[in-house]
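Structure file start-v4.cif; described as mmCIF, C-alpha atoms.
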```cif
data_query
loop_
_atom_site.label_atom_id
_atom_site.label_comp_id
_atom_site.auth_asym_id
_atom_site.auth_seq_id
_atom_site.Cartn_x
_atom_site.Cartn_y
_atom_site.Cartn_z
CA MET Q 1 50.64 173.02 62.94
CA LYS Q 2 51.07 174.79 66.27
CA LYS Q 3 54.27 173.95 68.09
CA GLU Q 4 52.46 172.82 71.26
CA ASN Q 5 50.31 170.42 69.23
CA ASN Q 6 53.38 169.08 67.45
CA ASN Q 7 55.10 168.51 70.78
CA GLU Q 8 52.09 166.56 72.02
CA ILE Q 9 52.10 164.38 68.89
CA LEU Q 10 55.82 163.66 69.23
CA ALA Q 11 55.32 162.77 72.89
CA ASN Q 12 52.55 160.37 71.92
CA LEU Q 13 54.70 158.78 69.22
CA LYS Q 14 57.53 158.36 71.70
CA LEU Q 15 55.22 156.13 73.72
CA GLY Q 16 55.47 153.57 70.91
CA GLN Q 17 59.15 152.94 71.67
CA GLU Q 18 58.45 152.90 75.41
CA THR Q 19 55.64 150.40 74.89
CA PHE Q 20 57.95 148.19 72.82
CA SER Q 21 60.54 148.17 75.60
CA ARG Q 22 57.92 147.42 78.24
CA ASN Q 23 56.41 144.60 76.20
CA ILE Q 24 59.68 142.85 75.36
CA GLY Q 25 60.77 143.04 78.98
CA LEU Q 26 57.45 141.55 80.07
CA SER Q 27 57.63 138.87 77.38
CA LYS Q 28 61.15 137.86 78.37
CA GLN Q 29 60.51 137.54 82.07
CA VAL Q 30 56.83 136.66 82.46
CA TYR Q 31 55.50 135.04 79.30
CA PHE Q 32 58.53 133.14 78.04
CA GLY Q 33 60.70 132.82 81.14
CA LEU Q 34 63.86 133.51 79.16
CA THR Q 35 67.17 134.69 80.55
CA TYR Q 36 69.43 137.10 78.69
CA GLU Q 37 71.72 134.12 78.12
CA ASP Q 38 68.82 132.32 76.40
CA ILE Q 39 68.15 135.31 74.17
CA THR Q 40 71.80 135.54 73.16
CA ARG Q 41 71.79 131.84 72.33
CA TYR Q 42 68.62 132.12 70.23
CA THR Q 43 69.33 135.44 68.48
CA GLY Q 44 73.01 136.30 68.88
CA ILE Q 45 72.05 139.66 70.46
CA PRO Q 46 74.57 140.36 73.26
CA GLN Q 47 73.14 140.48 76.78
CA PRO Q 48 74.06 144.13 77.50
CA THR Q 49 72.51 145.17 74.18
CA MET Q 50 69.24 143.37 74.89
CA LEU Q 51 69.15 144.92 78.35
CA SER Q 52 69.50 148.38 76.81
CA TYR Q 53 66.43 147.69 74.64
CA ASP Q 54 64.39 146.34 77.57
CA LYS Q 55 65.16 149.41 79.67
CA TYR Q 56 64.61 151.89 76.79
CA TRP Q 57 68.17 153.18 77.01
CA VAL Q 58 68.44 152.94 73.24
CA SER Q 59 66.17 152.19 70.29
CA PRO Q 60 67.14 149.11 68.24
CA TYR Q 61 67.70 149.21 64.51
CA ILE Q 62 64.56 148.10 62.70
CA SER Q 63 65.98 144.73 61.59
CA ILE Q 64 66.90 143.91 65.20
CA ALA Q 65 63.50 145.10 66.45
CA LYS Q 66 61.87 142.72 63.94
CA GLN Q 67 64.14 139.90 65.11
CA ILE Q 68 63.09 140.52 68.72
CA ALA Q 69 59.41 140.60 67.73
CA GLU Q 70 59.80 137.25 65.97
CA LEU Q 71 61.54 135.81 69.04
CA TYR Q 72 58.43 136.69 71.02
CA CYS Q 73 56.05 135.51 68.28
CA ALA Q 74 54.49 138.94 67.81
CA ASP Q 75 54.40 141.65 65.17
CA LEU Q 76 55.89 145.09 65.69
CA ASP Q 77 52.54 146.87 65.61
CA THR Q 78 51.32 144.79 68.55
CA LEU Q 79 54.52 145.34 70.53
CA CYS Q 80 54.56 149.09 69.87
CA GLN Q 81 50.88 149.94 70.16
CA LYS Q 82 49.49 147.74 72.93
CA ASP Q 83 50.45 147.11 76.53
CA ILE Q 84 49.94 143.38 76.08
CA GLY Q 85 49.87 142.93 79.85
CA PHE Q 86 46.30 144.25 79.57
CA TYR Q 87 45.41 142.17 76.51
CA ILE Q 88 44.76 138.60 77.57
CA VAL Q 89 43.90 137.56 74.01
CA GLU Q 90 47.27 138.87 72.77
CA GLN Q 91 49.04 137.01 75.58
CA LEU Q 92 47.29 133.77 74.67
CA ALA Q 93 48.12 134.18 70.99
CA ILE Q 94 51.87 134.72 71.45
CA LEU Q 95 52.15 131.85 73.93
CA LYS Q 96 50.40 129.48 71.50
CA ARG Q 97 52.60 130.62 68.63
CA PHE Q 98 55.74 129.93 70.67
CA ILE Q 99 54.67 126.37 71.50
CA GLU Q 100 53.62 125.66 67.93
CA ARG Q 101 56.87 127.10 66.57
CA VAL Q 102 58.93 124.55 68.49
CA ALA Q 103 56.53 121.70 67.60
CA GLY Q 104 55.15 121.44 71.12
CA ASP Q 105 51.65 120.16 71.89
CA TYR Q 106 48.84 120.93 74.30
CA VAL Q 107 48.20 117.48 75.78
CA ALA Q 108 49.65 118.26 79.22
CA VAL Q 109 48.10 121.74 79.19
CA LYS Q 110 44.63 120.34 78.47
CA ASN Q 111 44.97 117.78 81.24
CA ARG Q 112 46.03 120.40 83.78
CA MET Q 113 43.21 122.72 82.67
CA SER Q 114 40.68 119.91 83.05
CA ASP Q 115 41.90 119.24 86.60
CA TRP Q 116 41.78 122.97 87.39
CA ILE Q 117 38.21 123.31 86.09
CA ASP Q 118 37.04 120.30 88.15
CA LYS Q 119 38.29 121.99 91.33
CA GLN Q 120 36.40 125.27 90.73
CA SER Q 121 33.03 126.02 92.28
CA HIS Q 122 32.27 128.24 89.28
CA VAL Q 123 34.28 129.18 86.20
CA GLU Q 124 34.51 132.69 84.76
CA GLU Q 125 35.33 132.90 81.07
CA PHE Q 126 38.07 135.44 81.80
CA GLY Q 127 39.42 133.11 84.48
CA ILE Q 128 39.89 130.45 81.81
CA TYR Q 129 41.99 132.87 79.77
CA GLU Q 130 44.12 133.70 82.81
CA GLU Q 131 44.67 130.10 83.90
CA LEU Q 132 45.27 128.90 80.36
CA CYS Q 133 47.96 131.56 79.91
CA ASN Q 134 49.51 130.41 83.20
CA GLN Q 135 49.55 126.79 82.03
CA LEU Q 136 50.99 127.70 78.64
CA GLN Q 137 53.79 129.57 80.42
CA VAL Q 138 54.48 126.43 82.46
CA GLU Q 139 54.66 124.43 79.25
CA ILE Q 140 57.01 126.96 77.65
CA GLY Q 141 59.23 126.71 80.73
CA ARG Q 142 59.43 122.96 80.21
CA LEU Q 143 60.24 123.40 76.53
CA ASN Q 144 62.93 125.96 77.37
CA LYS Q 145 64.64 123.42 79.63
CA GLU Q 146 64.74 121.09 76.64
CA GLU Q 147 66.20 123.98 74.60
CA ARG Q 148 63.42 123.57 72.09
CA ALA Q 149 63.36 127.25 71.03
CA VAL Q 150 64.52 127.80 67.46
CA ASN Q 151 67.22 130.22 66.33
CA ILE Q 152 65.83 133.60 65.24
CA ASN Q 153 68.12 135.19 62.68
CA ARG Q 154 68.34 138.85 61.79
CA ASP Q 155 66.85 139.54 58.35
CA GLU Q 156 68.89 142.16 56.54
CA GLY Q 157 66.12 142.38 53.93
CA VAL Q 158 63.98 144.27 56.45
CA ALA Q 159 66.19 147.38 56.08
CA GLU Q 160 66.15 147.09 52.29
CA ASN Q 161 62.37 146.81 52.29
CA PHE Q 162 62.12 149.92 54.43
CA THR Q 163 64.29 151.94 52.07
CA ARG Q 164 62.20 150.96 49.05
CA ASN Q 165 58.88 151.59 50.83
CA PHE Q 166 60.00 154.90 52.30
CA ASN Q 167 61.14 156.17 48.93
CA ASN Q 168 57.92 154.99 47.26
CA LEU Q 169 55.78 156.75 49.86
CA HIS Q 170 57.83 159.92 49.62
CA LYS Q 171 57.69 159.93 45.83
CA ASN Q 172 54.07 158.89 45.27
CA LEU Q 173 52.61 161.12 47.98
CA GLY Q 174 54.68 164.10 46.89
CA ILE Q 175 55.65 165.17 50.40
CA SER Q 176 58.76 167.25 50.90
CA TYR Q 177 61.48 166.26 53.33
CA ARG Q 178 61.02 169.64 54.95
CA LYS Q 179 57.40 168.84 55.83
CA ILE Q 180 58.32 165.40 57.18
CA SER Q 181 61.22 166.87 59.13
CA SER Q 182 59.07 169.60 60.68
CA ALA Q 183 56.25 167.22 61.61
CA LEU Q 184 58.38 164.45 63.10
CA ASP Q 185 61.51 166.25 64.34
CA ILE Q 186 63.71 164.14 62.07
CA SER Q 187 66.54 166.07 60.45
CA ILE Q 188 66.61 166.42 56.67
CA GLY Q 189 70.10 164.95 56.79
CA ASN Q 190 68.75 161.82 58.48
CA LEU Q 191 65.90 161.58 55.96
CA THR Q 192 68.44 161.80 53.15
CA ARG Q 193 70.46 159.04 54.81
CA LEU Q 194 67.34 156.85 54.91
CA LYS Q 195 66.66 157.58 51.25
CA LYS Q 196 70.13 156.29 50.35
CA GLY Q 197 69.67 153.03 52.24
CA GLY Q 198 70.66 153.87 55.80
CA GLU Q 199 68.92 151.59 58.27
CA PRO Q 200 66.51 153.41 60.62
CA MET Q 201 65.97 152.78 64.28
CA LEU Q 202 62.60 151.55 65.48
CA GLU Q 203 61.60 154.93 66.92
CA THR Q 204 62.08 156.52 63.49
CA VAL Q 205 59.94 153.88 61.76
CA ILE Q 206 57.21 154.39 64.38
CA LYS Q 207 57.13 158.08 63.54
CA LEU Q 208 57.17 157.60 59.78
CA SER Q 209 54.52 154.87 59.77
CA ALA Q 210 52.21 157.09 61.80
CA PHE Q 211 52.87 160.07 59.54
CA PHE Q 212 52.14 158.15 56.34
CA GLY Q 213 49.15 156.36 57.87
CA VAL Q 214 50.48 152.82 57.39
CA SER Q 215 51.41 150.03 59.77
CA ILE Q 216 54.93 149.47 61.03
CA GLU Q 217 54.89 146.02 59.44
CA ASP Q 218 53.89 147.53 56.07
CA MET Q 219 56.86 149.91 56.29
CA ILE Q 220 59.19 146.89 56.30
CA ALA Q 221 57.17 144.46 54.15
CA SER Q 222 58.62 143.12 50.90
CA ASN Q 223 55.54 143.98 48.86
CA PRO Q 224 53.02 146.17 50.71
CA ASN Q 225 49.87 147.13 48.88
CA PHE Q 226 49.84 150.88 49.49
CA ASN Q 227 46.70 152.74 48.42
CA TYR Q 228 48.34 156.07 47.66
CA GLU Q 229 45.06 157.85 47.00
CA HIS Q 230 43.84 156.88 50.45
CA LEU Q 231 47.19 157.66 52.10
CA GLN Q 232 47.19 161.10 50.48
CA GLN Q 233 44.16 161.87 52.64
CA GLU Q 234 45.72 160.32 55.73
CA VAL Q 235 49.00 162.24 55.70
CA GLY Q 236 49.13 164.56 58.67
CA LYS Q 237 46.54 162.57 60.65
CA PHE Q 238 49.10 160.96 62.83
CA ASN Q 239 48.26 162.00 66.38
CA ILE Q 240 48.21 158.40 67.55
CA ARG Q 241 48.50 157.56 71.21
CA PHE Q 242 50.39 154.33 71.86
CA GLY Q 243 50.21 152.16 74.92
CA GLU Q 244 46.70 153.04 76.08
CA PHE Q 245 44.10 150.56 77.34
CA PRO Q 246 41.13 151.45 75.10
CA PRO Q 247 37.44 151.11 76.02
CA GLU Q 248 37.00 147.92 74.00
CA GLY Q 249 39.71 146.28 76.10
CA LEU Q 250 37.95 147.32 79.29
CA TYR Q 251 34.69 145.99 77.90
CA PHE Q 252 36.30 142.64 77.10
CA TYR Q 253 37.71 142.37 80.60
CA ALA Q 254 34.41 143.21 82.31
CA HIS Q 255 32.28 141.06 79.99
CA LYS Q 256 34.41 137.94 80.36
CA ARG Q 257 34.48 138.40 84.14
CA ALA Q 258 30.70 138.38 84.23
CA ASN Q 259 30.29 135.36 81.93
CA ILE Q 260 30.00 132.20 84.07
CA LEU Q 261 30.39 128.79 82.39
CA THR Q 262 29.48 125.28 83.45
CA LYS Q 263 32.38 122.88 83.81
CA GLU Q 264 31.49 121.15 80.56
CA GLN Q 265 31.25 124.50 78.77
CA ALA Q 266 34.59 125.51 80.27
CA LYS Q 267 36.35 122.37 79.03
CA LYS Q 268 34.87 122.81 75.58
CA PHE Q 269 36.00 126.45 75.60
CA VAL Q 270 39.57 125.38 76.40
CA GLU Q 271 39.48 123.03 73.40
CA GLU Q 272 38.31 125.91 71.20
CA LEU Q 273 41.01 128.28 72.44
CA LEU Q 274 43.72 125.70 71.76
CA SER Q 275 42.44 124.65 68.35
#
```
I need this file expressed as structure tokens, please.
Amino acid sequence: MKKENNNEILANLKLGQETFSRNIGLSKQVYFGLTYEDITRYTGIPQPTMLSYDKYWVSPYISIAKQIAELYCADLDTLCQKDIGFYIVEQLAILKRFIERVAGDYVAVKNRMSDWIDKQSHVEEFGIYEELCNQLQVEIGRLNKEERAVNINRDEGVAENFTRNFNNLHKNLGISYRKISSALDISIGNLTRLKKGGEPMLETVIKLSAFFGVSIEDMIASNPNFNYEHLQQEVGKFNIRFGEFPPEGLYFYAHKRANILTKEQAKKFVEELLS
């Protein structure tokens, strides 16, 4: 692989960590309305440490990254590969999961949405997504005041799962550490440390998951179903760009903007989205 191409790939992979930091900062402030004090109370992560992750001053260890993802009701692949500020469906999903996790309900949200729809001269489908996300954020703010959020503990098994999966991929795909090191700019010493059970940082797992052609979540799963024959063909095809707003996202945005609903259709749509 030419050096300039490798540099471009590494730059693209670095965007995964940047996207993670951007998404967790957005989730904290906008979607969940949490303070750093709240996060410390829910997770035990010190405020300065969480700030360093939000600002991309440092990459978290993978078990902490998973803990943060669970706090925000998302998986690591979503947080590292999508700017969820552009993905209204992703926003809606994580907000719903938060409310359901703390045994909240949608009664007040549905009532406010019904009042909002009645006041509109016309209702765009995308507008329903936007307003519903706004109302869910209001509801989460109310639940936060009641301290309804559950404790999110760090799972040490995540690091153990990674070690086992990394070693299985390395062994079954027959790829040398030298090749991995050259492709991903990870030292052989660090790869050896990972082999022996050293916990990786998120940015390292992003690189390795892309290299092996598997998801980040599969890299830390307790029992992933790796198809080694398929992955043998995928190794090396890891020029993945993170954090982009792909054409299908643009299509969704434009299509839902153009789709006008009657008030009855809009209320029924709200019921469907909250089911």
Selected by the PyMOL selection byres ((chain Q and resi 147) around 12) in the shown coordinates: which residues, as a ChimeraX atom specification? /Q:34,38-39,41-42,102,104,140-146,148-151
Write out the residues from the selection above, keeping C-alpha atoms, as a PDB file, keeping the file's coordinate frame.
```pdb
ATOM      1  CA  LEU Q  34      63.860 133.510  79.160  1.00  0.00           C
ATOM      2  CA  ASP Q  38      68.820 132.320  76.400  1.00  0.00           C
ATOM      3  CA  ILE Q  39      68.150 135.310  74.170  1.00  0.00           C
ATOM      4  CA  ARG Q  41      71.790 131.840  72.330  1.00  0.00           C
ATOM      5  CA  TYR Q  42      68.620 132.120  70.230  1.00  0.00           C
ATOM      6  CA  VAL Q 102      58.930 124.550  68.490  1.00  0.00           C
ATOM      7  CA  GLY Q 104      55.150 121.440  71.120  1.00  0.00           C
ATOM      8  CA  ILE Q 140      57.010 126.960  77.650  1.00  0.00           C
ATOM      9  CA  GLY Q 141      59.230 126.710  80.730  1.00  0.00           C
ATOM     10  CA  ARG Q 142      59.430 122.960  80.210  1.00  0.00           C
ATOM     11  CA  LEU Q 143      60.240 123.400  76.530  1.00  0.00           C
ATOM     12  CA  ASN Q 144      62.930 125.960  77.370  1.00  0.00           C
ATOM     13  CA  LYS Q 145      64.640 123.420  79.630  1.00  0.00           C
ATOM     14  CA  GLU Q 146      64.740 121.090  76.640  1.00  0.00           C
ATOM     15  CA  ARG Q 148      63.420 123.570  72.090  1.00  0.00           C
ATOM     16  CA  ALA Q 149      63.360 127.250  71.030  1.00  0.00           C
ATOM     17  CA  VAL Q 150      64.520 127.800  67.460  1.00  0.00           C
ATOM     18  CA  ASN Q 151      67.220 130.220  66.330  1.00  0.00           C
TER      19      ASN Q 151
END
```
Might you spell out which residues the PyMOL selection byres ((chain Q and resi 81-95) around 7) would select in the displayed file, as a list of chain:residue names? Q:Gly16, Q:Thr19, Q:Asn23, Q:Tyr72, Q:Cys73, Q:Ala74, Q:Asp77, Q:Thr78, Q:Leu79, Q:Cys80, Q:Lys96, Q:Arg97, Q:Phe98, Q:Ile99, Q:Tyr129, Q:Cys133, Q:Leu136, Q:Phe242, Q:Gly243, Q:Glu244
For the contact check between region 49-143 of chain Q and region 207-228 of chain Q, emit one row per residue of region 49-143 of chain Q within 9 Å, containing the shortest atom pair and the distance in Å rounded to one decimal, counting only C-alpha atoms, chain then rising number order, as JSON lines.
```
{"residue": "Q:Ile62", "atom": "CA", "partner": "Q:Ile220", "partner_atom": "CA", "distance": 8.4}
{"residue": "Q:Ser63", "atom": "CA", "partner": "Q:Ile220", "partner_atom": "CA", "distance": 8.9}
{"residue": "Q:Lys66", "atom": "CA", "partner": "Q:Glu217", "partner_atom": "CA", "distance": 8.9}
{"residue": "Q:Asp75", "atom": "CA", "partner": "Q:Glu217", "partner_atom": "CA", "distance": 7.2}
{"residue": "Q:Leu76", "atom": "CA", "partner": "Q:Glu217", "partner_atom": "CA", "distance": 6.4}
{"residue": "Q:Asp77", "atom": "CA", "partner": "Q:Ile216", "partner_atom": "CA", "distance": 5.8}
{"residue": "Q:Cys80", "atom": "CA", "partner": "Q:Ile216", "partner_atom": "CA", "distance": 8.9}
```
Enter the distance from CA of Val138 (chain Q) to CA of Thr40 (chain Q), in Å, rounded to one decimal.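 For CA of Val138 (chain Q) relative to CA of Thr40 (chain Q), the distance reads 21.7 Å.
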Can you measure CA of Asn172 (chain Q) to CA of Leu184 (chain Q) for me? One decimal in Å is fine.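 Separation of CA of Asn172 (chain Q) and CA of Leu184 (chain Q): 19.2 Å.
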Measuring between all atoms listed in the file, which one of Q:Glu199, Q:Glu70, Q:Glu18, Q:Glu130 shows the shortest distance to Thr163 (chain Q)? Q:Glu199
Mind giving me the straight-line distance from CA of Ile206 (chain Q) to CA of Leu13 (chain Q) in Å, one decimal?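 Atom-to-atom, CA of Ile206 (chain Q) to CA of Leu13 (chain Q), that is 7.0 Å.
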Can you pull out the residues contacting Gln120 (chain Q)? Cut-off 12 Å, using all atoms listed in the file, and skip same-chain residues under 4 positions away; I want them as a tab-separated table (two decimals) with C-alpha atoms, in the coordinates of the input.
```
chain	number	residue	atom	x	y	z
Q	113	MET	CA	43.21	122.72	82.67
Q	114	SER	CA	40.68	119.91	83.05
Q	115	ASP	CA	41.90	119.24	86.60
Q	116	TRP	CA	41.78	122.97	87.39
Q	124	GLU	CA	34.51	132.69	84.76
Q	127	GLY	CA	39.42	133.11	84.48
Q	128	ILE	CA	39.89	130.45	81.81
Q	131	GLU	CA	44.67	130.10	83.90
Q	260	ILE	CA	30.00	132.20	84.07
Q	261	LEU	CA	30.39	128.79	82.39
Q	262	THR	CA	29.48	125.28	83.45
Q	263	LYS	CA	32.38	122.88	83.81
Q	266	ALA	CA	34.59	125.51	80.27
```
Given the point (62.4, 164.4, 51.4) in the file's coordinates, find the residues that have an atom at most 10 Å from it, counting only C-alpha atoms, and give them as a short mmCIF file (atom, residue, chain, number, x, y, z; two decimals) with C-alpha atoms, in the frame of the given file.
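Final output, saved to result13.cif:
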```cif
data_model
loop_
_atom_site.label_atom_id
_atom_site.label_comp_id
_atom_site.auth_asym_id
_atom_site.auth_seq_id
_atom_site.Cartn_x
_atom_site.Cartn_y
_atom_site.Cartn_z
CA PHE Q 166 60.00 154.90 52.30
CA ASN Q 167 61.14 156.17 48.93
CA HIS Q 170 57.83 159.92 49.62
CA LYS Q 171 57.69 159.93 45.83
CA GLY Q 174 54.68 164.10 46.89
CA ILE Q 175 55.65 165.17 50.40
CA SER Q 176 58.76 167.25 50.90
CA TYR Q 177 61.48 166.26 53.33
CA ARG Q 178 61.02 169.64 54.95
CA LYS Q 179 57.40 168.84 55.83
CA ILE Q 180 58.32 165.40 57.18
CA SER Q 181 61.22 166.87 59.13
CA ILE Q 188 66.61 166.42 56.67
CA GLY Q 189 70.10 164.95 56.79
CA ASN Q 190 68.75 161.82 58.48
CA LEU Q 191 65.90 161.58 55.96
CA THR Q 192 68.44 161.80 53.15
CA LEU Q 194 67.34 156.85 54.91
CA LYS Q 195 66.66 157.58 51.25
#
```
Could you check the closest approach to Gln135 (chain Q) for each of Q:Ala159, Q:Val107, Q:Ile45, Q:Val123 and tell me which residue wins, using all atoms listed in the file?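 Looking only at the distances to Gln135 (chain Q), the closest residue turns out to be Q:Val107.
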Between Q:Leu51, Q:Val158, Q:Asp105, Q:Trp57, single out the one closest to Thr35 (chain Q), counting all atoms listed in the file.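 Nearest to Thr35 (chain Q): Q:Leu51.
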